[in-house]
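Peer 1: Quick one, run.txt (compact mmCIF, C-alpha atoms):
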```
# COMPACT_ATOMS: atom_id res chain seq x y z
CA MET N 157 0.00 0.00 0.00
CA SER N 158 2.11 2.94 -1.19
CA TYR N 159 0.66 6.33 -1.91
CA SER N 160 2.11 9.11 -4.09
CA LYS N 161 2.69 12.32 -2.09
CA MET N 162 -0.09 14.91 -2.57
CA SER N 163 1.42 18.37 -2.20
CA LEU N 164 -0.90 20.54 -0.14
CA ALA N 165 0.65 23.21 2.04
CA LYS N 166 0.46 22.51 5.76
CA PRO N 167 -2.05 24.95 7.29
CA VAL N 168 -0.93 27.49 9.87
CA MET N 169 -1.20 25.85 13.26
CA ARG N 170 0.27 28.38 15.68
CA GLY N 171 0.11 32.02 16.56
CA LEU N 172 -3.52 32.40 15.45
CA LEU N 173 -4.62 34.36 18.51
CA GLY N 174 -1.53 36.54 18.34
CA LYS N 175 -2.17 37.32 14.71
CA ARG N 176 -5.78 38.21 15.43
CA LEU N 177 -4.82 40.45 18.33
CA ARG N 178 -2.07 42.20 16.36
CA PHE N 179 -4.71 43.04 13.76
CA HIS N 180 -7.67 43.93 15.94
CA LEU N 181 -6.16 45.59 19.03
CA PRO N 182 -4.79 48.71 17.30
CA ILE N 183 -8.12 49.15 15.54
CA ALA N 184 -10.00 48.70 18.80
CA PHE N 185 -7.79 51.25 20.53
CA ALA N 186 -8.14 53.74 17.71
CA LEU N 187 -11.93 53.43 17.60
CA SER N 188 -12.23 53.74 21.38
CA LEU N 189 -10.07 56.85 21.42
CA MET N 190 -12.12 58.34 18.60
CA ALA N 191 -15.35 57.61 20.48
CA ALA N 192 -14.00 59.25 23.62
CA ALA N 193 -12.77 62.29 21.69
CA ALA N 194 -16.08 62.62 19.87
CA PHE N 195 -17.99 62.52 23.16
CA LYS N 196 -15.65 65.05 24.78
CA PHE N 197 -15.85 67.56 21.96
CA GLY N 198 -19.44 66.85 20.97
CA VAL N 199 -21.04 66.70 24.40
CA THR N 200 -18.99 67.73 27.41
CA GLU N 201 -17.27 70.83 25.98
CA PRO N 202 -20.50 72.34 24.59
CA ARG N 203 -22.18 71.59 27.90
CA LYS N 204 -19.45 73.32 29.89
CA ARG N 205 -19.66 76.31 27.59
CA ALA N 206 -23.46 76.42 27.89
CA TYR N 207 -23.25 76.56 31.68
CA ALA N 208 -20.49 79.19 31.61
CA ASP N 209 -22.50 81.38 29.25
CA PHE N 210 -25.65 80.97 31.30
CA TYR N 211 -24.04 82.10 34.53
CA LYS N 212 -21.88 84.85 33.01
CA ASN N 213 -24.66 87.45 33.16
CA TYR N 214 -27.05 85.70 35.53
CA ASP N 215 -28.97 87.99 37.83
CA ALA N 216 -30.58 85.78 40.49
CA THR N 217 -32.74 88.54 42.00
CA LYS N 218 -34.17 89.51 38.64
CA GLU N 219 -35.00 85.90 37.84
CA PHE N 220 -36.58 85.47 41.25
CA ASN N 221 -38.80 88.50 40.73
CA ASN N 222 -39.86 87.26 37.32
CA MET N 223 -40.78 83.91 38.79
CA ARG N 224 -42.64 85.62 41.65
CA GLU N 225 -44.73 87.66 39.24
CA ALA N 226 -45.59 84.50 37.31
CA GLY N 227 -47.18 83.25 40.51
CA ILE N 228 -45.44 79.94 40.99
CA PHE N 229 -44.29 80.48 44.56
CA GLU N 230 -46.37 79.70 47.62
CA SER N 231 -44.22 81.60 50.13
CA VAL N 232 -44.34 84.95 48.30
CA ARG N 233 -47.30 86.25 46.37
CA PRO N 234 -46.92 88.43 43.27
CA THR N 235 -46.41 92.12 44.18
CA GLY N 236 -49.98 92.98 43.22
CA LYS N 237 -51.62 91.29 46.22
CA MET C 140 -16.95 34.14 13.09
CA LEU C 141 -15.01 31.06 14.21
CA ALA C 142 -17.36 30.59 17.12
CA THR C 143 -20.51 30.64 14.97
CA ARG C 144 -19.05 28.07 12.58
CA ALA C 145 -18.03 25.76 15.41
CA LEU C 146 -21.47 26.19 16.92
CA SER C 147 -23.22 25.18 13.69
CA LEU C 148 -21.12 22.01 13.53
CA VAL C 149 -21.95 21.24 17.15
CA SER C 150 -25.66 21.78 16.55
CA LYS C 151 -25.55 19.38 13.60
CA ARG C 152 -23.79 16.83 15.77
CA VAL C 153 -26.40 17.23 18.50
CA ILE C 154 -29.05 15.78 16.19
CA SER C 155 -27.08 12.63 15.50
CA THR C 156 -25.86 12.00 19.03
CA SER C 157 -29.38 12.18 20.37
CA ILE C 158 -30.50 9.42 17.99
CA CYS C 159 -29.44 5.85 18.62
CA VAL C 160 -28.21 4.34 15.37
CA ARG C 161 -27.82 0.58 15.26
CA GLY C 162 -26.56 0.18 11.72
CA GLY C 163 -28.79 -0.03 8.65
CA HIS C 164 -31.87 1.94 7.72
CA GLY C 165 -34.07 -0.58 9.49
CA VAL C 166 -33.97 1.62 12.59
CA ALA C 167 -36.93 4.05 12.77
CA LYS C 168 -34.75 7.18 12.98
CA VAL C 169 -31.77 7.59 10.69
CA ASP C 170 -28.71 9.66 11.47
CA ASP C 171 -29.47 13.05 9.92
CA TYR C 172 -26.69 14.02 7.60
CA ASN C 173 -23.75 15.89 9.10
CA PRO C 174 -20.07 16.02 8.16
CA LEU C 175 -19.20 13.13 10.49
CA PRO C 176 -21.93 10.46 10.37
CA ASP C 177 -21.67 7.50 12.70
CA VAL C 178 -22.51 4.91 10.08
CA ARG C 179 -21.79 4.57 6.38
CA PHE C 180 -24.76 5.80 4.31
CA VAL C 181 -25.24 2.69 2.21
CA THR C 182 -25.05 -0.33 4.50
CA ASP C 183 -26.26 -3.12 2.17
CA LEU C 184 -23.79 -3.10 -0.69
CA SER C 185 -24.64 -4.40 -4.12
CA PRO C 186 -22.13 -6.84 -5.67
CA VAL C 187 -20.72 -3.98 -7.80
CA GLN C 188 -20.23 -1.87 -4.69
CA LYS C 189 -18.68 -4.80 -2.82
CA SER C 190 -16.10 -5.32 -5.56
CA LEU C 191 -15.42 -1.58 -5.52
CA LYS C 192 -14.78 -1.72 -1.79
CA GLU C 193 -12.28 -4.55 -2.41
CA LYS C 194 -10.54 -2.42 -5.05
CA GLU C 195 -10.40 0.44 -2.53
CA LYS C 196 -8.12 -1.71 -0.37
CA GLY C 197 -5.45 -1.50 -3.06
CA SER C 198 -3.68 1.56 -4.42
CA TRP C 199 -6.04 4.49 -4.83
CA ALA C 200 -4.14 5.72 -7.87
CA THR C 201 -5.83 2.96 -9.89
CA LEU C 202 -9.33 4.27 -9.10
CA SER C 203 -11.05 6.30 -11.79
CA ASN C 204 -12.82 9.51 -10.88
CA ASP C 205 -16.24 7.87 -11.26
CA GLU C 206 -15.18 5.09 -8.89
CA LYS C 207 -13.98 7.63 -6.33
CA ILE C 208 -17.32 9.42 -6.53
CA ALA C 209 -19.15 6.08 -6.19
CA LEU C 210 -17.10 5.30 -3.08
CA TYR C 211 -17.94 8.72 -1.63
CA ARG C 212 -21.64 8.17 -2.26
CA ILE C 213 -21.46 4.82 -0.49
CA SER C 214 -20.16 6.47 2.65
CA PHE C 215 -21.96 9.81 2.60
CA LYS C 216 -25.50 10.90 1.82
CA LYS C 217 -24.72 14.40 0.53
CA SER C 218 -21.73 16.23 -0.89
CA PHE C 219 -20.48 19.33 0.89
CA ALA C 220 -22.15 21.52 -1.71
CA GLU C 221 -25.49 19.77 -1.20
CA MET C 222 -25.09 19.88 2.56
CA ASN C 223 -24.28 23.59 2.68
CA LYS C 224 -26.93 24.57 0.18
CA GLY C 225 -29.34 27.19 1.50
CA SER C 226 -33.10 26.76 1.41
CA ASN C 227 -36.10 29.03 1.01
CA GLU C 228 -37.17 28.47 4.59
CA TRP C 229 -36.45 32.07 5.52
CA LYS C 230 -39.36 33.27 3.40
CA SER C 231 -41.79 31.18 5.46
CA VAL C 232 -40.20 32.48 8.63
CA VAL C 233 -40.52 36.13 7.62
CA ALA C 234 -44.08 35.52 6.42
CA GLY C 235 -44.99 33.94 9.75
CA MET C 236 -43.38 36.82 11.66
CA LEU C 237 -45.26 39.47 9.69
CA PHE C 238 -48.50 37.55 10.05
CA PHE C 239 -48.26 37.33 13.83
CA ILE C 240 -47.17 40.95 14.11
CA GLY C 241 -50.29 41.82 12.13
CA VAL C 242 -52.49 39.73 14.40
CA THR C 243 -50.92 41.48 17.40
CA GLY C 244 -51.76 44.83 15.83
CA LEU C 245 -55.40 43.80 15.47
CA VAL C 246 -55.46 42.67 19.09
CA VAL C 247 -54.05 46.04 20.19
CA LEU C 248 -56.67 47.96 18.20
CA TRP C 249 -59.46 45.86 19.68
CA GLN C 250 -58.07 46.47 23.17
CA ARG C 251 -57.99 50.23 22.61
CA LYS C 252 -61.64 50.21 21.63
CA PHE C 253 -63.15 47.71 24.04
CA VAL C 254 -60.86 47.33 27.03
CA TYR C 255 -59.25 50.64 27.94
CA GLY C 256 -61.19 53.46 29.59
CA PRO C 257 -60.89 57.12 28.60
CA VAL C 258 -57.55 58.93 28.83
CA PRO C 259 -57.12 61.26 31.87
CA PRO C 260 -57.97 65.01 31.49
CA THR C 261 -54.31 65.93 31.87
CA PHE C 262 -53.80 65.03 28.20
CA GLU C 263 -56.14 67.70 26.84
CA THR C 264 -54.49 70.43 24.78
CA GLU C 265 -55.56 73.24 27.10
CA TRP C 266 -54.18 71.42 30.10
CA LYS C 267 -50.90 70.73 28.31
CA GLU C 268 -50.56 74.38 27.35
CA LYS C 269 -51.04 75.41 30.99
CA GLU C 270 -48.46 72.78 32.01
CA LEU C 271 -45.90 74.15 29.57
CA GLN C 272 -46.51 77.73 30.68
CA ARG C 273 -45.99 76.72 34.29
CA MET C 274 -42.75 74.92 33.40
CA LEU C 275 -41.46 78.03 31.63
CA ASP C 276 -42.48 80.19 34.60
CA MET C 277 -40.53 77.90 36.93
CA ARG C 278 -37.49 78.12 34.62
CA ILE C 279 -37.27 74.36 34.24
CA ASN C 280 -33.90 73.31 32.69
CA PRO C 281 -32.82 76.88 31.94
CA VAL C 282 -29.29 76.02 30.72
CA GLU C 283 -29.76 73.36 28.03
CA GLY C 284 -33.41 72.29 28.22
CA ILE C 285 -36.88 73.66 27.66
CA SER C 286 -36.52 77.09 29.27
CA ALA C 287 -33.27 77.67 27.42
CA LYS C 288 -35.22 77.47 24.15
CA TRP C 289 -37.82 80.06 25.18
CA ASP C 290 -37.26 83.76 24.55
CA TYR C 291 -38.59 85.48 27.70
CA GLU C 292 -38.26 88.99 26.27
CA ASN C 293 -40.37 88.38 23.18
CA LYS C 294 -42.52 85.61 24.67
CA GLU C 295 -41.85 83.18 21.86
CA TRP C 296 -39.60 80.24 21.05
CA LYS C 297 -36.02 81.16 20.20
CA LYS C 298 -35.17 80.85 16.53
```
Please express what this file holds, its structure, as structure tokens.

Peer 2:
Amino acid sequence: MSYSKMSLAKPVMRGLLGKRLRFHLPIAFALSLMAAAAFKFGVTEPRKRAYADFYKNYDATKEFNNMREAGIFESVRPTGK
Amino acid sequence: MLATRALSLVSKRVISTSICVRGGHGVAKVDDYNPLPDVRFVTDLSPVQKSLKEKEKGSWATLSNDEKIALYRISFKKSFAEMNKGSNEWKSVVAGMLFFIGVTGLVVLWQRKFVYGPVPPTFETEWKEKELQRMLDMRINPVEGISAKWDYENKEWKK
């Protein structure tokens, strides 16, 4: 029983996980960093600016008086009464 | 990707291992085809097949292509192409899904008409307008939310 040699290349048996990681880890890192940067500059920075702008010229007494006139408080009535 | 392929092989194997095969198609349940069947497909060989099996014991170089295919068909029910072939089952599945979603929609409509009572008065337009006015008066969410979008000077929504 002798067989002629069939020449098929031996498949890769080792280093499969390493190869996969070397390919996917940089991509994963890059995408995560991009997501974090997008959130920082799309959400947190505008939000910080919005709060800063709101309080830059905020007059608490004026706002209080406006709210009082609108009649929402129970402890102080509008100035008419 | 690797995991899903391994899983599909395992699920095919599950069918065969749960069925007791005692050789020959005389048993009520036959091993459903998978890449690694327990028993050869054709168990009662015709004389031609028997002589072919004898020839197989010699050098395989002497076998013609037709003989090799015949030997394969003795051992296996389907080729890989036949085994992996897709079916039109998905159309029935989608049809069934849409049908039952439709039935659910009818049930919901019937419920709205015959089961549920009237909606509370707080949903009327007038009430909602008063609610919104009160929210604006209280300066709800004045930085980024609803009151931030209202122009208090001109008493209208900001452009």

Peer 1: So what do you get for atom CA of C:Phe219 versus atom CA of C:Leu175, distance-wise?

Peer 2: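 For atom CA of C:Phe219 relative to atom CA of C:Leu175, the distance reads 11.5 Å.
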
Peer 1: Which of these residues is nearest to chain N, using only C-alpha atoms: C:Trp199, C:Tyr172, C:Phe239, C:Phe215?

Peer 2: C:Trp199

Peer 1: Tell me, in Å to one decimal, how far atom CA of N:Arg205 is from atom CA of C:Ser286.

Peer 2: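 Between atom CA of N:Arg205 and atom CA of C:Ser286 the gap is 17.0 Å.
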
Peer 1: One decimal, in Å: what's the spacing between atom CA of C:Asn227 and atom CA of C:Val242?

Peer 2: 23.7 Å

Peer 1: What residues in chain N lie within 12 Å of chain C, counting all atoms listed in the file, written as a ChimeraX atom specification?

Peer 2: /N:157-162,172-173,176,199,202-212,214,216,219-229

Peer 1: Go ahead and write the residues just picked, C-alpha atoms, as a PDB file, in the coordinates of the input.

Peer 2:
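Final file, part02.pdb:
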```pdb
ATOM      1  CA  MET N 157       0.000   0.000   0.000  1.00  0.00           C
ATOM      2  CA  SER N 158       2.110   2.940  -1.190  1.00  0.00           C
ATOM      3  CA  TYR N 159       0.660   6.330  -1.910  1.00  0.00           C
ATOM      4  CA  SER N 160       2.110   9.110  -4.090  1.00  0.00           C
ATOM      5  CA  LYS N 161       2.690  12.320  -2.090  1.00  0.00           C
ATOM      6  CA  MET N 162      -0.090  14.910  -2.570  1.00  0.00           C
ATOM      7  CA  LEU N 172      -3.520  32.400  15.450  1.00  0.00           C
ATOM      8  CA  LEU N 173      -4.620  34.360  18.510  1.00  0.00           C
ATOM      9  CA  ARG N 176      -5.780  38.210  15.430  1.00  0.00           C
ATOM     10  CA  VAL N 199     -21.040  66.700  24.400  1.00  0.00           C
ATOM     11  CA  PRO N 202     -20.500  72.340  24.590  1.00  0.00           C
ATOM     12  CA  ARG N 203     -22.180  71.590  27.900  1.00  0.00           C
ATOM     13  CA  LYS N 204     -19.450  73.320  29.890  1.00  0.00           C
ATOM     14  CA  ARG N 205     -19.660  76.310  27.590  1.00  0.00           C
ATOM     15  CA  ALA N 206     -23.460  76.420  27.890  1.00  0.00           C
ATOM     16  CA  TYR N 207     -23.250  76.560  31.680  1.00  0.00           C
ATOM     17  CA  ALA N 208     -20.490  79.190  31.610  1.00  0.00           C
ATOM     18  CA  ASP N 209     -22.500  81.380  29.250  1.00  0.00           C
ATOM     19  CA  PHE N 210     -25.650  80.970  31.300  1.00  0.00           C
ATOM     20  CA  TYR N 211     -24.040  82.100  34.530  1.00  0.00           C
ATOM     21  CA  LYS N 212     -21.880  84.850  33.010  1.00  0.00           C
ATOM     22  CA  TYR N 214     -27.050  85.700  35.530  1.00  0.00           C
ATOM     23  CA  ALA N 216     -30.580  85.780  40.490  1.00  0.00           C
ATOM     24  CA  GLU N 219     -35.000  85.900  37.840  1.00  0.00           C
ATOM     25  CA  PHE N 220     -36.580  85.470  41.250  1.00  0.00           C
ATOM     26  CA  ASN N 221     -38.800  88.500  40.730  1.00  0.00           C
ATOM     27  CA  ASN N 222     -39.860  87.260  37.320  1.00  0.00           C
ATOM     28  CA  MET N 223     -40.780  83.910  38.790  1.00  0.00           C
ATOM     29  CA  ARG N 224     -42.640  85.620  41.650  1.00  0.00           C
ATOM     30  CA  GLU N 225     -44.730  87.660  39.240  1.00  0.00           C
ATOM     31  CA  ALA N 226     -45.590  84.500  37.310  1.00  0.00           C
ATOM     32  CA  GLY N 227     -47.180  83.250  40.510  1.00  0.00           C
ATOM     33  CA  ILE N 228     -45.440  79.940  40.990  1.00  0.00           C
ATOM     34  CA  PHE N 229     -44.290  80.480  44.560  1.00  0.00           C
TER      35      PHE N 229
END
```

Peer 1: Mind writing stretch 195-208 of chain N to a file for me, with all heavy atoms, as a PDB file, in the first residue's frame?

Peer 2:
```
ATOM      1  N   PHE N 195     -17.101  62.183  22.056  1.00  0.00           N
ATOM      2  CA  PHE N 195     -17.995  62.522  23.159  1.00  0.00           C
ATOM      3  C   PHE N 195     -17.515  63.782  23.859  1.00  0.00           C
ATOM      4  O   PHE N 195     -18.309  64.669  24.202  1.00  0.00           O
ATOM      5  CB  PHE N 195     -18.068  61.356  24.152  1.00  0.00           C
ATOM      6  CG  PHE N 195     -19.165  61.507  25.151  1.00  0.00           C
ATOM      7  CD1 PHE N 195     -20.469  61.167  24.821  1.00  0.00           C
ATOM      8  CD2 PHE N 195     -18.915  61.998  26.413  1.00  0.00           C
ATOM      9  CE1 PHE N 195     -21.492  61.317  25.733  1.00  0.00           C
ATOM     10  CE2 PHE N 195     -19.937  62.151  27.336  1.00  0.00           C
ATOM     11  CZ  PHE N 195     -21.225  61.810  26.991  1.00  0.00           C
ATOM     12  N   LYS N 196     -16.181  63.881  24.082  1.00  0.00           N
ATOM     13  CA  LYS N 196     -15.651  65.049  24.781  1.00  0.00           C
ATOM     14  C   LYS N 196     -15.986  66.313  24.026  1.00  0.00           C
ATOM     15  O   LYS N 196     -16.488  67.280  24.582  1.00  0.00           O
ATOM     16  CB  LYS N 196     -14.150  64.910  24.959  1.00  0.00           C
ATOM     17  CG  LYS N 196     -13.518  66.057  25.727  1.00  0.00           C
ATOM     18  CD  LYS N 196     -12.016  65.874  25.837  1.00  0.00           C
ATOM     19  CE  LYS N 196     -11.371  67.093  26.460  1.00  0.00           C
ATOM     20  NZ  LYS N 196     -11.714  67.297  27.873  1.00  0.00           N
ATOM     21  N   PHE N 197     -15.696  66.315  22.704  1.00  0.00           N
ATOM     22  CA  PHE N 197     -15.852  67.561  21.964  1.00  0.00           C
ATOM     23  C   PHE N 197     -17.268  67.773  21.450  1.00  0.00           C
ATOM     24  O   PHE N 197     -17.634  68.883  21.089  1.00  0.00           O
ATOM     25  CB  PHE N 197     -14.849  67.611  20.809  1.00  0.00           C
ATOM     26  CG  PHE N 197     -13.441  67.713  21.300  1.00  0.00           C
ATOM     27  CD1 PHE N 197     -12.562  66.655  21.152  1.00  0.00           C
ATOM     28  CD2 PHE N 197     -13.021  68.847  21.968  1.00  0.00           C
ATOM     29  CE1 PHE N 197     -11.270  66.745  21.643  1.00  0.00           C
ATOM     30  CE2 PHE N 197     -11.737  68.946  22.456  1.00  0.00           C
ATOM     31  CZ  PHE N 197     -10.867  67.890  22.300  1.00  0.00           C
ATOM     32  N   GLY N 198     -18.062  66.693  21.429  1.00  0.00           N
ATOM     33  CA  GLY N 198     -19.436  66.847  20.971  1.00  0.00           C
ATOM     34  C   GLY N 198     -20.401  67.117  22.093  1.00  0.00           C
ATOM     35  O   GLY N 198     -21.434  67.742  21.890  1.00  0.00           O
ATOM     36  N   VAL N 199     -20.078  66.618  23.309  1.00  0.00           N
ATOM     37  CA  VAL N 199     -21.044  66.705  24.396  1.00  0.00           C
ATOM     38  C   VAL N 199     -20.516  67.531  25.565  1.00  0.00           C
ATOM     39  O   VAL N 199     -21.112  68.536  25.942  1.00  0.00           O
ATOM     40  CB  VAL N 199     -21.445  65.291  24.866  1.00  0.00           C
ATOM     41  CG1 VAL N 199     -22.422  65.372  26.017  1.00  0.00           C
ATOM     42  CG2 VAL N 199     -22.040  64.515  23.717  1.00  0.00           C
ATOM     43  N   THR N 200     -19.388  67.104  26.144  1.00  0.00           N
ATOM     44  CA  THR N 200     -18.988  67.728  27.411  1.00  0.00           C
ATOM     45  C   THR N 200     -18.530  69.161  27.220  1.00  0.00           C
ATOM     46  O   THR N 200     -18.873  70.037  28.025  1.00  0.00           O
ATOM     47  CB  THR N 200     -17.881  66.923  28.102  1.00  0.00           C
ATOM     48  OG1 THR N 200     -16.762  66.852  27.232  1.00  0.00           O
ATOM     49  CG2 THR N 200     -18.353  65.526  28.415  1.00  0.00           C
ATOM     50  N   GLU N 201     -17.743  69.438  26.168  1.00  0.00           N
ATOM     51  CA  GLU N 201     -17.266  70.826  25.982  1.00  0.00           C
ATOM     52  C   GLU N 201     -18.421  71.785  25.698  1.00  0.00           C
ATOM     53  O   GLU N 201     -18.506  72.850  26.308  1.00  0.00           O
ATOM     54  CB  GLU N 201     -16.215  70.881  24.868  1.00  0.00           C
ATOM     55  CG  GLU N 201     -14.864  70.290  25.265  1.00  0.00           C
ATOM     56  CD  GLU N 201     -14.292  70.923  26.513  1.00  0.00           C
ATOM     57  OE1 GLU N 201     -14.324  72.162  26.642  1.00  0.00           O
ATOM     58  OE2 GLU N 201     -13.849  70.179  27.406  1.00  0.00           O
ATOM     59  N   PRO N 202     -19.352  71.454  24.769  1.00  0.00           N
ATOM     60  CA  PRO N 202     -20.505  72.344  24.593  1.00  0.00           C
ATOM     61  C   PRO N 202     -21.298  72.542  25.877  1.00  0.00           C
ATOM     62  O   PRO N 202     -21.779  73.645  26.158  1.00  0.00           O
ATOM     63  CB  PRO N 202     -21.345  71.630  23.535  1.00  0.00           C
ATOM     64  CG  PRO N 202     -20.388  70.805  22.785  1.00  0.00           C
ATOM     65  CD  PRO N 202     -19.348  70.384  23.774  1.00  0.00           C
ATOM     66  N   ARG N 203     -21.411  71.465  26.662  1.00  0.00           N
ATOM     67  CA  ARG N 203     -22.185  71.589  27.896  1.00  0.00           C
ATOM     68  C   ARG N 203     -21.507  72.542  28.867  1.00  0.00           C
ATOM     69  O   ARG N 203     -22.140  73.407  29.478  1.00  0.00           O
ATOM     70  CB  ARG N 203     -22.361  70.218  28.536  1.00  0.00           C
ATOM     71  CG  ARG N 203     -23.309  70.231  29.712  1.00  0.00           C
ATOM     72  CD  ARG N 203     -23.687  68.836  30.113  1.00  0.00           C
ATOM     73  NE  ARG N 203     -24.606  68.236  29.174  1.00  0.00           N
ATOM     74  CZ  ARG N 203     -24.861  66.940  29.108  1.00  0.00           C
ATOM     75  NH1 ARG N 203     -24.242  66.100  29.903  1.00  0.00           N
ATOM     76  NH2 ARG N 203     -25.722  66.470  28.241  1.00  0.00           N
ATOM     77  N   LYS N 204     -20.171  72.414  28.985  1.00  0.00           N
ATOM     78  CA  LYS N 204     -19.447  73.322  29.893  1.00  0.00           C
ATOM     79  C   LYS N 204     -19.605  74.764  29.438  1.00  0.00           C
ATOM     80  O   LYS N 204     -19.799  75.679  30.243  1.00  0.00           O
ATOM     81  CB  LYS N 204     -17.968  72.925  29.951  1.00  0.00           C
ATOM     82  CG  LYS N 204     -17.756  71.618  30.700  1.00  0.00           C
ATOM     83  CD  LYS N 204     -16.343  71.391  31.196  1.00  0.00           C
ATOM     84  CE  LYS N 204     -15.352  71.041  30.169  1.00  0.00           C
ATOM     85  NZ  LYS N 204     -14.117  70.459  30.661  1.00  0.00           N
ATOM     86  N   ARG N 205     -19.514  74.949  28.109  1.00  0.00           N
ATOM     87  CA  ARG N 205     -19.662  76.312  27.586  1.00  0.00           C
ATOM     88  C   ARG N 205     -21.064  76.850  27.848  1.00  0.00           C
ATOM     89  O   ARG N 205     -21.226  78.030  28.182  1.00  0.00           O
ATOM     90  CB  ARG N 205     -19.355  76.326  26.085  1.00  0.00           C
ATOM     91  CG  ARG N 205     -18.078  77.078  25.759  1.00  0.00           C
ATOM     92  CD  ARG N 205     -17.794  77.096  24.281  1.00  0.00           C
ATOM     93  NE  ARG N 205     -17.496  75.776  23.760  1.00  0.00           N
ATOM     94  CZ  ARG N 205     -18.145  75.189  22.754  1.00  0.00           C
ATOM     95  NH1 ARG N 205     -19.139  75.790  22.156  1.00  0.00           N
ATOM     96  NH2 ARG N 205     -17.808  73.983  22.332  1.00  0.00           N
ATOM     97  N   ALA N 206     -22.086  75.984  27.679  1.00  0.00           N
ATOM     98  CA  ALA N 206     -23.465  76.425  27.892  1.00  0.00           C
ATOM     99  C   ALA N 206     -23.654  76.903  29.326  1.00  0.00           C
ATOM    100  O   ALA N 206     -24.258  77.958  29.569  1.00  0.00           O
ATOM    101  CB  ALA N 206     -24.431  75.293  27.571  1.00  0.00           C
ATOM    102  N   TYR N 207     -23.118  76.148  30.278  1.00  0.00           N
ATOM    103  CA  TYR N 207     -23.253  76.555  31.679  1.00  0.00           C
ATOM    104  C   TYR N 207     -22.498  77.842  31.949  1.00  0.00           C
ATOM    105  O   TYR N 207     -22.985  78.740  32.653  1.00  0.00           O
ATOM    106  CB  TYR N 207     -22.770  75.427  32.604  1.00  0.00           C
ATOM    107  CG  TYR N 207     -23.866  74.451  32.929  1.00  0.00           C
ATOM    108  CD1 TYR N 207     -24.183  73.428  32.054  1.00  0.00           C
ATOM    109  CD2 TYR N 207     -24.596  74.568  34.099  1.00  0.00           C
ATOM    110  CE1 TYR N 207     -25.201  72.546  32.340  1.00  0.00           C
ATOM    111  CE2 TYR N 207     -25.617  73.692  34.389  1.00  0.00           C
ATOM    112  CZ  TYR N 207     -25.916  72.683  33.509  1.00  0.00           C
ATOM    113  OH  TYR N 207     -26.930  71.819  33.790  1.00  0.00           O
ATOM    114  N   ALA N 208     -21.277  77.964  31.385  1.00  0.00           N
ATOM    115  CA  ALA N 208     -20.487  79.187  31.605  1.00  0.00           C
ATOM    116  C   ALA N 208     -21.233  80.396  31.061  1.00  0.00           C
ATOM    117  O   ALA N 208     -21.349  81.430  31.728  1.00  0.00           O
ATOM    118  CB  ALA N 208     -19.123  79.036  30.949  1.00  0.00           C
TER     119      ALA N 208
END
```
